[in-house]
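Listing of run21.cif, mmCIF, C-alpha atoms
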data_upload
#
loop_
_atom_site.label_atom_id
_atom_site.label_comp_id
_atom_site.auth_asym_id
_atom_site.auth_seq_id
_atom_site.Cartn_x
_atom_site.Cartn_y
_atom_site.Cartn_z
CA MET A 132 0.00 0.00 0.00
CA LYS A 133 2.76 2.37 1.04
CA ASN A 134 4.77 1.35 -2.02
CA LYS A 135 1.83 2.04 -4.31
CA LYS A 136 1.42 5.53 -2.86
CA ALA A 137 5.11 6.27 -3.27
CA LEU A 138 5.00 5.06 -6.88
CA LEU A 139 1.96 7.24 -7.61
CA LEU A 140 3.65 10.23 -6.01
CA SER A 141 6.89 9.82 -7.93
CA LEU A 142 5.00 9.30 -11.20
CA THR A 143 3.02 12.51 -10.60
CA GLY A 144 6.27 14.28 -9.75
CA LEU A 145 7.87 13.02 -12.95
CA LEU A 146 4.93 14.13 -15.07
CA LEU A 147 4.87 17.56 -13.40
CA GLY A 148 8.62 17.87 -13.94
CA LEU A 149 8.25 16.99 -17.62
CA ALA A 150 5.43 19.49 -18.02
CA ALA A 151 7.60 22.17 -16.37
CA VAL A 152 10.52 21.41 -18.69
CA LEU A 153 8.21 21.57 -21.70
CA LEU A 154 6.69 24.87 -20.58
CA LEU A 155 10.13 26.33 -19.85
CA SER A 156 11.48 25.32 -23.24
CA VAL A 157 8.48 26.93 -24.96
CA TRP A 158 8.83 30.12 -22.89
CA LEU A 159 12.58 30.35 -23.23
CA ARG A 160 12.71 29.37 -26.88
CA PRO A 161 13.86 32.42 -28.80
CA HIS A 162 11.56 33.82 -31.49
CA THR A 163 12.46 32.45 -34.91
CA PHE A 164 12.31 35.19 -37.51
CA GLY A 165 10.84 34.53 -40.95
CA GLY A 166 13.65 36.32 -42.78
CA THR A 167 17.27 37.33 -42.37
CA LEU A 168 17.83 39.16 -39.09
CA LEU A 169 20.19 42.14 -39.04
CA GLN A 170 21.90 43.74 -36.05
CA SER A 171 22.68 47.08 -37.61
CA PRO A 172 24.41 49.65 -35.42
CA GLN A 173 23.14 52.42 -37.76
CA PRO A 174 19.51 53.46 -38.26
CA ALA A 175 18.01 52.53 -41.64
CA TYR A 176 18.49 54.94 -44.55
CA ASP A 177 16.04 57.83 -44.14
CA PHE A 178 14.50 58.35 -47.58
CA ALA A 179 12.32 61.31 -48.62
CA PHE A 180 9.88 60.70 -51.48
CA LYS A 181 6.65 62.13 -52.86
CA GLY A 182 3.41 60.38 -51.98
CA PRO A 183 -0.33 61.10 -52.26
CA GLU A 184 -1.20 64.78 -52.82
CA ASN A 185 2.46 65.36 -53.66
CA ARG A 186 3.30 65.37 -49.96
CA THR A 187 6.86 64.45 -48.93
CA TYR A 188 7.13 61.30 -46.85
CA ARG A 189 10.25 60.31 -44.94
CA LEU A 190 11.03 57.03 -43.22
CA SER A 191 11.52 59.02 -40.00
CA ASP A 192 7.87 60.22 -40.23
CA PHE A 193 6.91 56.66 -39.22
CA SER A 194 9.10 56.50 -36.13
CA GLY A 195 7.28 54.41 -33.50
CA LYS A 196 5.78 52.16 -36.17
CA VAL A 197 7.01 49.04 -37.88
CA VAL A 198 7.63 49.95 -41.53
CA LEU A 199 7.52 47.34 -44.29
CA ILE A 200 9.34 48.56 -47.40
CA PHE A 201 9.04 47.05 -50.86
CA PHE A 202 10.48 48.32 -54.15
CA GLY A 203 8.29 47.71 -57.22
CA TYR A 204 6.35 49.44 -60.00
CA THR A 205 2.75 49.62 -61.13
CA TYR A 206 3.27 48.05 -64.58
CA CYS A 207 4.89 45.02 -62.90
CA PRO A 208 3.23 41.88 -64.27
CA ASP A 209 3.58 39.33 -61.46
CA VAL A 210 6.18 39.80 -58.72
CA CYS A 211 4.75 43.09 -57.41
CA PRO A 212 1.06 42.08 -57.27
CA ILE A 213 2.05 38.91 -55.39
CA THR A 214 4.19 40.84 -52.90
CA LEU A 215 1.55 43.57 -52.49
CA ASP A 216 -1.02 40.83 -51.80
CA THR A 217 1.32 39.52 -49.10
CA LEU A 218 1.68 43.00 -47.57
CA SER A 219 -2.07 43.45 -47.68
CA ASP A 220 -2.61 40.06 -46.02
CA VAL A 221 -0.08 40.95 -43.31
CA LEU A 222 -1.93 44.19 -42.46
CA SER A 223 -5.34 42.47 -42.47
CA ALA A 224 -4.10 39.65 -40.23
CA LEU A 225 -2.74 42.15 -37.70
CA GLY A 226 -6.23 43.59 -37.04
CA THR A 227 -6.06 46.61 -34.72
CA LYS A 228 -2.27 46.22 -34.42
CA ALA A 229 -2.07 47.30 -38.09
CA ASP A 230 -2.30 50.89 -36.77
CA ARG A 231 1.30 50.46 -35.65
CA VAL A 232 2.48 49.26 -39.06
CA GLN A 233 3.09 51.24 -42.26
CA ALA A 234 3.50 49.41 -45.58
CA VAL A 235 5.35 51.34 -48.27
CA MET A 236 6.04 50.64 -51.94
CA ILE A 237 8.83 52.72 -53.50
CA THR A 238 8.72 52.74 -57.29
CA VAL A 239 11.74 51.71 -59.37
CA ASP A 240 10.03 53.25 -62.42
CA PRO A 241 9.67 56.97 -61.65
CA ALA A 242 9.25 57.79 -65.38
CA ARG A 243 5.79 56.19 -65.40
CA ASP A 244 4.90 55.97 -61.69
CA THR A 245 3.85 59.40 -60.51
CA PRO A 246 2.57 59.68 -56.93
CA GLN A 247 -0.98 59.94 -58.35
CA ARG A 248 -0.65 56.81 -60.48
CA LEU A 249 0.78 54.91 -57.49
CA GLU A 250 -2.10 56.04 -55.29
CA GLU A 251 -4.72 54.91 -57.82
CA TYR A 252 -2.97 51.59 -58.43
CA LEU A 253 -2.58 50.76 -54.74
CA GLN A 254 -6.26 51.36 -54.05
CA ARG A 255 -7.04 47.92 -55.46
CA TYR A 256 -5.46 46.32 -52.38
CA LYS A 257 -7.66 45.88 -49.34
CA ALA A 258 -5.15 47.28 -46.84
CA PRO A 259 -3.54 50.73 -47.11
CA ILE A 260 -0.13 50.69 -48.81
CA LEU A 261 1.66 54.00 -49.32
CA GLY A 262 3.10 54.48 -52.82
CA LEU A 263 6.19 56.69 -53.10
CA SER A 264 8.05 58.14 -56.07
CA GLY A 265 10.94 60.53 -56.62
CA SER A 266 13.84 61.40 -58.88
CA GLU A 267 15.81 58.52 -60.38
CA GLU A 268 18.89 59.67 -58.47
CA ASP A 269 17.04 59.54 -55.13
CA ILE A 270 15.55 56.16 -55.97
CA ILE A 271 18.98 54.75 -56.85
CA ARG A 272 20.33 56.04 -53.55
CA ALA A 273 17.52 54.40 -51.56
CA ALA A 274 17.71 51.16 -53.57
CA VAL A 275 21.48 50.89 -52.99
CA ALA A 276 20.94 51.44 -49.26
CA TYR A 277 18.26 48.74 -49.07
CA GLY A 278 20.19 46.18 -51.14
CA VAL A 279 17.83 46.52 -54.10
CA SER A 280 18.97 46.39 -57.72
CA PHE A 281 16.85 47.36 -60.70
CA GLN A 282 17.29 47.64 -64.43
CA ARG A 283 15.13 48.38 -67.43
CA ARG A 284 14.31 45.47 -69.77
CA GLU A 285 12.75 46.20 -73.15
CA GLY A 286 9.17 45.01 -73.72
CA PRO A 287 6.96 44.63 -76.81
CA THR A 288 6.98 48.42 -77.44
CA PRO A 289 9.27 51.20 -76.17
CA GLU A 290 6.52 52.30 -73.75
CA GLN A 291 5.82 48.80 -72.46
CA TYR A 292 9.20 48.11 -70.93
CA PHE A 293 9.78 46.07 -67.77
CA MET A 294 11.86 46.87 -64.70
CA ASP A 295 13.70 43.87 -63.30
CA HIS A 296 14.19 44.44 -59.59
CA THR A 297 14.95 42.85 -56.26
CA ALA A 298 11.70 41.80 -54.59
CA THR A 299 12.66 41.61 -50.93
CA ILE A 300 10.53 43.11 -48.16
CA MET A 301 12.44 45.10 -45.55
CA LEU A 302 11.19 45.46 -41.97
CA VAL A 303 12.26 48.62 -40.13
CA ASP A 304 11.52 48.50 -36.40
CA PRO A 305 9.77 51.30 -34.42
CA LYS A 306 13.18 52.75 -33.48
CA GLY A 307 14.13 53.10 -37.14
CA TYR A 308 16.56 50.17 -37.46
CA LEU A 309 16.45 47.73 -40.35
CA ARG A 310 15.76 44.45 -38.54
CA VAL A 311 14.58 41.78 -40.98
CA VAL A 312 14.88 41.21 -44.72
CA TYR A 313 12.39 38.79 -46.27
CA PRO A 314 13.19 37.08 -49.54
CA TYR A 315 10.58 37.09 -52.31
CA ALA A 316 7.59 34.79 -51.60
CA THR A 317 7.93 34.81 -47.81
CA ARG A 318 4.56 33.82 -46.32
CA ALA A 319 2.42 36.53 -44.75
CA ASP A 320 2.02 34.59 -41.47
CA ALA A 321 5.80 34.54 -40.95
CA ILE A 322 5.91 38.34 -41.26
CA VAL A 323 2.84 38.73 -39.02
CA SER A 324 4.46 36.65 -36.31
CA ASP A 325 7.67 38.74 -36.49
CA ILE A 326 5.72 42.01 -36.29
CA ARG A 327 3.75 40.77 -33.25
CA TYR A 328 7.04 39.81 -31.61
CA ILE A 329 8.72 43.15 -32.38
CA LEU A 330 5.71 45.18 -31.22
CA SER A 331 5.54 43.30 -27.92
CA HIS A 332 9.28 43.52 -27.12
CA MET B 74 12.09 21.67 4.85
CA GLY B 75 8.56 22.81 3.85
CA LYS B 76 7.10 22.17 0.42
CA SER B 77 7.14 25.84 -0.58
CA ASN B 78 10.72 26.14 0.62
CA ARG B 79 11.72 23.24 -1.63
CA LEU B 80 10.00 24.89 -4.60
CA VAL B 81 11.92 28.12 -4.02
CA TRP B 82 15.16 26.12 -3.99
CA TRP B 83 14.24 24.39 -7.24
CA ILE B 84 13.44 27.68 -8.97
CA ALA B 85 16.68 29.19 -7.69
CA ALA B 86 18.64 26.17 -8.92
CA VAL B 87 17.07 26.33 -12.40
CA GLY B 88 17.73 30.09 -12.53
CA ALA B 89 21.35 29.61 -11.48
CA LEU B 90 21.76 26.90 -14.09
CA LEU B 91 20.35 29.19 -16.79
CA ILE B 92 22.59 32.08 -15.80
CA THR B 93 25.61 29.75 -15.75
CA ALA B 94 24.66 28.47 -19.22
CA VAL B 95 24.38 32.01 -20.62
CA LEU B 96 27.68 33.02 -18.96
CA TRP B 97 29.37 29.92 -20.31
CA PHE B 98 28.02 30.65 -23.81
CA THR B 99 29.26 34.24 -23.80
CA ILE B 100 32.64 33.52 -22.17
CA ALA B 101 33.61 30.14 -23.64
CA ARG B 102 31.93 31.09 -26.94
CA PRO B 103 31.37 27.60 -28.35
CA VAL B 104 29.87 29.22 -31.46
CA VAL B 105 31.54 32.17 -33.17
CA VAL B 106 29.80 34.05 -35.98
CA LEU B 107 30.53 36.95 -38.30
CA PRO B 108 28.25 39.92 -37.56
CA ARG B 109 25.19 40.61 -39.72
CA SER B 110 25.59 44.34 -39.57
CA ARG B 111 24.03 45.75 -42.72
CA LEU B 112 22.83 45.04 -46.21
CA SER B 113 25.23 44.90 -49.09
CA PRO B 114 24.30 47.58 -51.61
CA GLY B 115 21.95 46.62 -54.41
CA TYR B 116 23.26 47.47 -57.88
CA THR B 117 23.01 47.00 -61.60
CA LEU B 118 26.48 47.42 -63.09
CA THR B 119 28.10 46.15 -66.29
CA ASP B 120 30.45 43.20 -66.72
CA SER B 121 33.40 42.94 -69.11
CA SER B 122 31.15 41.67 -71.92
CA GLY B 123 28.99 44.79 -71.65
CA LYS B 124 26.03 42.90 -70.15
CA PRO B 125 24.16 44.21 -67.09
CA PHE B 126 25.26 42.53 -63.89
CA SER B 127 22.94 42.75 -60.90
CA SER B 128 23.64 42.17 -57.22
CA GLU B 129 20.73 39.69 -57.47
CA TYR B 130 22.99 37.31 -59.42
CA GLN B 131 25.00 36.77 -56.23
CA ARG B 132 21.99 35.61 -54.18
CA GLY B 133 22.85 32.18 -52.79
CA ARG B 134 26.59 32.68 -53.40
CA LEU B 135 29.32 34.19 -51.21
CA THR B 136 31.11 37.21 -52.61
CA LEU B 137 34.38 38.88 -51.68
CA TYR B 138 34.23 42.39 -53.11
CA SER B 139 37.35 44.39 -53.87
CA PHE B 140 37.88 47.73 -55.59
CA ALA B 141 40.54 48.57 -58.17
CA TYR B 142 40.87 49.82 -61.76
CA THR B 143 42.64 48.50 -64.82
CA GLY B 144 45.16 51.36 -64.97
CA CYS B 145 46.08 50.90 -61.32
CA GLY B 146 49.27 48.90 -61.99
CA GLN B 147 51.58 48.27 -59.04
CA ARG B 148 49.42 50.34 -56.70
CA CYS B 149 46.83 47.55 -56.65
CA GLN B 150 49.36 44.70 -56.43
CA ALA B 151 48.80 44.24 -52.68
CA ILE B 152 45.08 43.63 -53.32
CA TYR B 153 45.80 41.01 -55.98
CA ASP B 154 48.47 39.36 -53.78
CA LEU B 155 45.95 38.98 -50.96
CA LEU B 156 43.29 37.56 -53.28
CA ARG B 157 45.84 35.12 -54.70
CA ALA B 158 47.00 34.02 -51.24
CA LEU B 159 43.38 33.45 -50.20
CA ASP B 160 42.68 31.44 -53.34
CA GLU B 161 45.66 29.23 -52.46
CA ARG B 162 44.45 28.83 -48.86
CA LEU B 163 41.07 27.65 -50.14
CA SER B 164 42.42 24.85 -52.32
CA GLY B 165 40.91 21.57 -51.17
CA LYS B 166 37.94 23.25 -49.46
CA ALA B 167 34.40 22.32 -50.51
CA LEU B 168 33.20 25.94 -51.09
CA ASN B 169 29.51 25.17 -50.99
CA PRO B 170 27.87 27.60 -51.78
CA PRO B 171 30.50 28.91 -54.20
CA LEU B 172 32.65 31.96 -53.44
CA ASP B 173 33.21 34.59 -56.13
CA TYR B 174 35.61 37.51 -56.31
CA ILE B 175 34.00 40.66 -57.63
CA THR B 176 36.22 43.65 -58.32
CA ILE B 177 34.37 46.90 -58.97
CA SER B 178 36.19 49.58 -60.93
CA VAL B 179 36.66 52.96 -59.29
CA ASP B 180 37.59 54.51 -62.66
CA PRO B 181 34.28 54.54 -64.55
CA ALA B 182 35.49 57.20 -67.02
CA ARG B 183 38.19 54.94 -68.48
CA ASP B 184 37.13 51.45 -67.41
CA LEU B 185 34.45 50.88 -70.01
CA PRO B 186 33.49 47.21 -70.58
CA ALA B 187 35.97 46.99 -73.47
CA ALA B 188 38.78 48.07 -71.15
CA LEU B 189 37.79 45.35 -68.68
CA ALA B 190 37.60 42.76 -71.46
CA SER B 191 41.13 43.52 -72.71
CA PHE B 192 42.59 43.64 -69.20
CA PRO B 193 44.44 40.41 -68.38
CA LEU B 194 43.50 39.18 -64.89
CA PRO B 195 46.42 39.83 -62.53
CA PHE B 196 46.35 36.07 -61.77
CA GLN B 197 44.06 33.19 -62.65
CA PRO B 198 42.31 31.92 -59.51
CA ALA B 199 42.26 28.12 -59.23
CA ARG B 200 38.89 27.75 -57.50
CA ILE B 201 37.13 31.04 -57.65
CA LYS B 202 35.30 32.92 -60.38
CA TRP B 203 36.68 36.44 -60.71
CA ILE B 204 34.32 39.05 -62.11
CA TRP B 205 35.19 42.66 -62.90
CA LEU B 206 32.41 45.23 -63.01
CA THR B 207 32.10 48.81 -64.10
CA GLY B 208 29.11 51.06 -64.54
CA GLU B 209 27.58 54.45 -64.89
CA GLU B 210 29.05 57.07 -62.64
CA SER B 211 25.70 57.61 -60.83
CA TRP B 212 25.43 53.93 -59.82
CA LEU B 213 29.14 53.61 -59.02
CA ARG B 214 29.20 56.68 -56.77
CA ASN B 215 26.24 55.32 -54.83
CA VAL B 216 27.28 51.68 -54.78
CA VAL B 217 31.01 52.02 -54.09
CA GLY B 218 31.05 55.32 -52.20
CA GLY B 219 27.66 55.10 -50.49
CA GLY B 220 26.96 51.39 -50.20
CA PHE B 221 30.40 49.86 -49.67
CA GLU B 222 31.71 53.07 -48.07
CA VAL B 223 34.83 53.06 -50.24
CA ALA B 224 35.66 56.67 -51.07
CA PHE B 225 37.36 57.22 -54.44
CA GLN B 226 38.58 60.33 -56.22
CA PRO B 227 40.36 60.76 -59.58
CA GLN B 228 43.72 62.55 -59.19
CA GLU B 229 45.42 65.08 -61.45
CA ASP B 230 48.15 62.61 -62.46
CA GLY B 231 45.49 60.28 -63.93
CA SER B 232 45.47 57.84 -61.03
CA VAL B 233 42.45 57.25 -58.79
CA PHE B 234 42.76 57.58 -55.06
CA PHE B 235 40.65 55.10 -53.06
CA ASP B 236 40.54 53.17 -49.78
CA PRO B 237 41.73 49.65 -50.55
CA ARG B 238 39.14 47.52 -48.78
CA LEU B 239 37.56 44.11 -49.09
CA VAL B 240 33.95 43.32 -48.23
CA LEU B 241 32.60 39.84 -47.60
CA VAL B 242 28.90 39.35 -48.44
CA ASP B 243 26.78 36.26 -47.77
CA GLY B 244 24.18 34.62 -50.01
CA GLU B 245 21.37 36.71 -48.51
CA GLY B 246 23.11 39.93 -49.49
CA VAL B 247 24.25 40.79 -45.96
CA ILE B 248 27.72 42.25 -45.31
CA ARG B 249 29.57 39.85 -42.97
CA GLY B 250 33.05 41.34 -42.96
CA GLU B 251 34.79 44.58 -43.94
CA TYR B 252 38.57 44.61 -44.14
CA ASP B 253 41.18 47.33 -44.51
CA LEU B 254 43.81 45.92 -46.81
CA ALA B 255 46.74 47.04 -44.67
CA GLN B 256 45.43 45.16 -41.63
CA THR B 257 44.21 41.98 -43.26
CA SER B 258 45.91 38.64 -43.94
CA ALA B 259 44.83 35.74 -46.11
CA ASP B 260 44.76 33.62 -42.92
CA GLN B 261 42.20 35.96 -41.37
CA LEU B 262 40.01 35.92 -44.48
CA ALA B 263 40.25 32.12 -44.71
CA TYR B 264 39.28 31.84 -41.03
CA HIS B 265 36.29 34.14 -41.49
CA LEU B 266 35.17 32.19 -44.56
CA ASP B 267 35.47 28.99 -42.52
CA LEU B 268 33.17 30.50 -39.88
CA LEU B 269 30.67 31.49 -42.54
CA TYR B 270 30.69 28.06 -44.19
CA GLN B 271 30.28 26.40 -40.76
CA GLU B 272 27.30 28.63 -40.01
CA ILE B 273 25.66 27.85 -43.36
CA GLU B 274 26.21 24.13 -42.85
CA GLN B 275 25.23 23.87 -39.20
CA SER B 276 22.53 26.48 -38.67
CA SER B 277 19.60 24.31 -39.59
CA GLY B 278 17.29 22.59 -37.08
CA ALA B 279 18.36 22.90 -33.45
CA GLY B 280 21.74 24.30 -34.51
CA LYS B 281 19.93 27.45 -35.63
CA PHE B 282 19.21 28.39 -32.00
CA ALA B 283 22.89 28.14 -31.08
CA TYR B 284 23.81 30.36 -34.05
CA GLU B 285 21.03 32.86 -33.31
CA ALA B 286 22.23 32.97 -29.69
CA ALA B 287 25.77 33.60 -30.93
CA HIS B 288 24.46 36.53 -33.02
CA PHE B 289 22.39 37.81 -30.12
CA PHE B 290 25.34 37.73 -27.70
CA ALA B 291 27.68 39.15 -30.38
CA CYS B 292 30.07 36.18 -30.28
CA TYR B 293 32.23 37.65 -33.03
CA PRO B 294 35.77 36.51 -33.94
CA ARG B 295 38.54 38.27 -32.01
CA HIS B 296 40.71 38.57 -35.10
#
Just give me the structure as structure tokens.
Amino acid sequence: MKNKKALLLSLTGLLLGLAAVLLLSVWLRPHTFGGTLLQSPQPAYDFAFKGPENRTYRLSDFSGKVVLIFFGYTYCPDVCPITLDTLSDVLSALGTKADRVQAVMITVDPARDTPQRLEEYLQRYKAPILGLSGSEEDIIRAAVAYGVSFQRREGPTPEQYFMDHTATIMLVDPKGYLRVVYPYATRADAIVSDIRYILSH
Amino acid sequence: MGKSNRLVWWIAAVGALLITAVLWFTIARPVVVLPRSRLSPGYTLTDSSGKPFSSEYQRGRLTLYSFAYTGCGQRCQAIYDLLRALDERLSGKALNPPLDYITISVDPARDLPAALASFPLPFQPARIKWIWLTGEESWLRNVVGGGFEVAFQPQEDGSVFFDPRLVLVDGEGVIRGEYDLAQTSADQLAYHLDLLYQEIEQSSGAGKFAYEAAHFFACYPRH
């Protein structure tokens, strides 16, 4: 009888111990980011571009928010719509937390993408994405800083050219540091989970 | 000893164990990593055949960037000597993913693609592809001066003054090492490449946590 009680007690102890270890490992497990994590000692490049109503927008205007930056263009056949869908899904999935996130698309095709055209084009997405344009020189400077390359590729007519470009999404944290770079086709839920983590830490 | 007393002891013991583990990790540094400090600049430049060459082409490959120009002569010899010594150090290594040397010209006015094409490589690397790039002044100023932070300035005697530096970039386009030529040896570069290859090979599954911890605690090489 005494033995049985001791056995029961030690079994319960063992189970409790295992549960504690499991809980601890879940709590202590570091967050796994969905992209490449950076530990930059310098704040991210502070761009200044024209947006809706020809207003100037700077990265530093969004201090205190998570900023998701994507370089693309409105005549982009496939890569940009897919990435913009992802950005839109990220913002929708965040619900009320989306107030603390700003998604931005910077054009790599300033010759055709005026701020007005960008604004009209981006209205087709369900979540708000800010479209920005500027001089080619300023866009080159920002693209270089964010590891983005772009080049013109001829299309069927001189007006219908393409712009090949890097399709990464960059995450700038509320303090203005570039924290995560997502390769093309990263899933929205991976980005959502990173944003939740960054906003709560 | 009361039950609650025992619990307190257990919690204290677990805490002490954790602190010891963290201390051990940061002092003994079982995993050493190269910092992931910033993004390598994005660019579209031109190769020696006159074709556009984009930084995107290096995704998934390691790149050691250097800066020189075809008319540089003996002034650039130390750069080439270091690249040659590193190439020799790497013989017999697996190099997966591949490592490329990319030299970007700091003399865009004279180093047109044709000049690159007729320039004989200072040595023929045994293992490594060596690519020379040039480009429009607007891209080069931003990429070399702004992105790689290598200042360059044409001089009155026709030479180009620049900081001789090397920059190591990983397959995700992140700068992992920046080296002043005067203070860098082939041994150091080979060691840093070893660290990078180890990280690529071992940072999957559970190993990822150890590598992320090493990044978090800044377990960087001491030389």
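Here the question is which of A:Asp220, A:Ser324, A:Lys306, A:Gln282 gets nearest to Thr119 of chain B using all atoms listed in the file, and that residue is A:Gln282.
Pairwise distance (atom CA of Gly182 of chain A, atom CA of Gln233 of chain A) equals 13.3 Å.
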Within-10 Å shell of (30.0, 37.3, -50.0) in input frame, all atoms listed in the file, as a PyMOL selection string: chain B and resi 113+131-138+171-175+240-250+266+269
Show me which bits of chain A are within 6 Å of chain B, counting only C-alpha atoms, as a PDB file with C-alpha atoms, keeping the file's coordinate frame.
ATOM      1  CA  LEU A 169      20.190  42.140 -39.040  1.00  0.00           C
ATOM      2  CA  GLN A 170      21.900  43.740 -36.050  1.00  0.00           C
ATOM      3  CA  SER A 171      22.680  47.080 -37.610  1.00  0.00           C
ATOM      4  CA  VAL A 275      21.480  50.890 -52.990  1.00  0.00           C
ATOM      5  CA  ALA A 276      20.940  51.440 -49.260  1.00  0.00           C
ATOM      6  CA  GLY A 278      20.190  46.180 -51.140  1.00  0.00           C
ATOM      7  CA  VAL A 279      17.830  46.520 -54.100  1.00  0.00           C
ATOM      8  CA  SER A 280      18.970  46.390 -57.720  1.00  0.00           C
TER       9      SER A 280
END
Please write as a CSV table (one decimal) with C-alpha atoms, in the coordinates of the input the full residue list that the PyMOL selection byres ((chain B and resi 166-168) around 12) yields on this file.
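Output (part.csv):
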chain,number,residue,atom,x,y,z
B,134,ARG,CA,26.6,32.7,-53.4
B,135,LEU,CA,29.3,34.2,-51.2
B,136,THR,CA,31.1,37.2,-52.6
B,159,LEU,CA,43.4,33.4,-50.2
B,160,ASP,CA,42.7,31.4,-53.3
B,161,GLU,CA,45.7,29.2,-52.5
B,162,ARG,CA,44.4,28.8,-48.9
B,163,LEU,CA,41.1,27.6,-50.1
B,164,SER,CA,42.4,24.8,-52.3
B,165,GLY,CA,40.9,21.6,-51.2
B,169,ASN,CA,29.5,25.2,-51.0
B,170,PRO,CA,27.9,27.6,-51.8
B,171,PRO,CA,30.5,28.9,-54.2
B,172,LEU,CA,32.6,32.0,-53.4
B,173,ASP,CA,33.2,34.6,-56.1
B,199,ALA,CA,42.3,28.1,-59.2
B,200,ARG,CA,38.9,27.8,-57.5
B,201,ILE,CA,37.1,31.0,-57.6
B,202,LYS,CA,35.3,32.9,-60.4
B,263,ALA,CA,40.2,32.1,-44.7
B,266,LEU,CA,35.2,32.2,-44.6
B,267,ASP,CA,35.5,29.0,-42.5
B,269,LEU,CA,30.7,31.5,-42.5
B,270,TYR,CA,30.7,28.1,-44.2
B,271,GLN,CA,30.3,26.4,-40.8
B,273,ILE,CA,25.7,27.8,-43.4
B,274,GLU,CA,26.2,24.1,-42.8
Distance in Å - atom CA of Ala85 of chain B versus atom CA of Val152 of chain A: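 So the two atoms, atom CA of Ala85 of chain B and atom CA of Val152 of chain A, lie 14.8 Å apart.
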Name the residues, using the chain letters and numbers of the file, that sit within 12 Å of (13.7, 30.6, -33.5) when counting all atoms listed in the file, and give them as a PDB file with C-alpha atoms, in the frame of the given file.
ATOM      1  CA  SER A 156      11.480  25.320 -23.240  1.00  0.00           C
ATOM      2  CA  VAL A 157       8.480  26.930 -24.960  1.00  0.00           C
ATOM      3  CA  TRP A 158       8.830  30.120 -22.890  1.00  0.00           C
ATOM      4  CA  LEU A 159      12.580  30.350 -23.230  1.00  0.00           C
ATOM      5  CA  ARG A 160      12.710  29.370 -26.880  1.00  0.00           C
ATOM      6  CA  PRO A 161      13.860  32.420 -28.800  1.00  0.00           C
ATOM      7  CA  HIS A 162      11.560  33.820 -31.490  1.00  0.00           C
ATOM      8  CA  THR A 163      12.460  32.450 -34.910  1.00  0.00           C
ATOM      9  CA  PHE A 164      12.310  35.190 -37.510  1.00  0.00           C
ATOM     10  CA  GLY A 165      10.840  34.530 -40.950  1.00  0.00           C
ATOM     11  CA  GLY A 166      13.650  36.320 -42.780  1.00  0.00           C
ATOM     12  CA  THR A 167      17.270  37.330 -42.370  1.00  0.00           C
ATOM     13  CA  LEU A 168      17.830  39.160 -39.090  1.00  0.00           C
ATOM     14  CA  ALA A 321       5.800  34.540 -40.950  1.00  0.00           C
ATOM     15  CA  SER A 324       4.460  36.650 -36.310  1.00  0.00           C
ATOM     16  CA  ASP A 325       7.670  38.740 -36.490  1.00  0.00           C
ATOM     17  CA  TYR A 328       7.040  39.810 -31.610  1.00  0.00           C
TER      18      TYR A 328
ATOM     19  CA  SER B 276      22.530  26.480 -38.670  1.00  0.00           C
ATOM     20  CA  SER B 277      19.600  24.310 -39.590  1.00  0.00           C
ATOM     21  CA  GLY B 278      17.290  22.590 -37.080  1.00  0.00           C
ATOM     22  CA  ALA B 279      18.360  22.900 -33.450  1.00  0.00           C
ATOM     23  CA  GLY B 280      21.740  24.300 -34.510  1.00  0.00           C
ATOM     24  CA  LYS B 281      19.930  27.450 -35.630  1.00  0.00           C
ATOM     25  CA  PHE B 282      19.210  28.390 -32.000  1.00  0.00           C
ATOM     26  CA  ALA B 283      22.890  28.140 -31.080  1.00  0.00           C
ATOM     27  CA  TYR B 284      23.810  30.360 -34.050  1.00  0.00           C
ATOM     28  CA  GLU B 285      21.030  32.860 -33.310  1.00  0.00           C
ATOM     29  CA  ALA B 286      22.230  32.970 -29.690  1.00  0.00           C
ATOM     30  CA  PHE B 289      22.390  37.810 -30.120  1.00  0.00           C
TER      31      PHE B 289
END
Would you write out, as a list in words, every residue that the PyMOL selection byres ((chain A and resi 295-305) around 6) captures in this file? Ser194, Gly195, Lys196, Val197, Val198, Leu199, Ile200, Phe201, Val279, Ser280, Phe281, Gln282, Met294, Lys306, Gly307, Tyr308, Leu309, Arg310, Val311, Val312, Tyr313, Pro314 and Tyr315 of chain A
Find the spatial neighbours of Val105 of chain B, counting only C-alpha atoms, within a cut-off of 7 Å - ignore same-chain residues fewer than 4 positions away - and output them as an MDAnalysis selection string. chainID B and resid 287 292:294
What's the 8 Å shell around segment 143-156 of chain B, counting all atoms listed in the file, without same-chain residues fewer than 4 positions away, as a PyMOL selection string? chain B and resi 139+160+178+184+188-189+192+195-196+232-233+237+254+258-259
Output of the PyMOL selection byres ((chain A and resi 238) around 10), listed as a list in words: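 So the PyMOL selection byres ((chain A and resi 238) around 10), applied here, picks out Phe180, Phe201, Phe202, Gly203, Tyr204, Thr205, Val235, Met236, Ile237, Val239, Asp240, Pro241, Ala242, Arg243, Asp244, Thr245, Pro246, Leu249, Gly262, Leu263, Ser264, Gly265, Glu267, Ile270, Ala274 and Met294 of chain A.
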Pick out the closest residue to Tyr142 of chain B from this set: B:Thr207, B:Gln275, B:Thr99, B:Ser122. Count all atoms listed in the file.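 Under the stated criterion, the closest residue is B:Thr207.
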Atom CA of Ala224 of chain A and atom CA of Arg318 of chain A, how far apart in Å? 12.1 Å
Which residue, A:Pro289, A:Pro174, A:Pro259, A:Pro212, has the smallest gap to Asp230 of chain A when you use all atoms listed in the file?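 Using all atoms listed in the file, the shortest distance to Asp230 of chain A belongs to A:Pro259.
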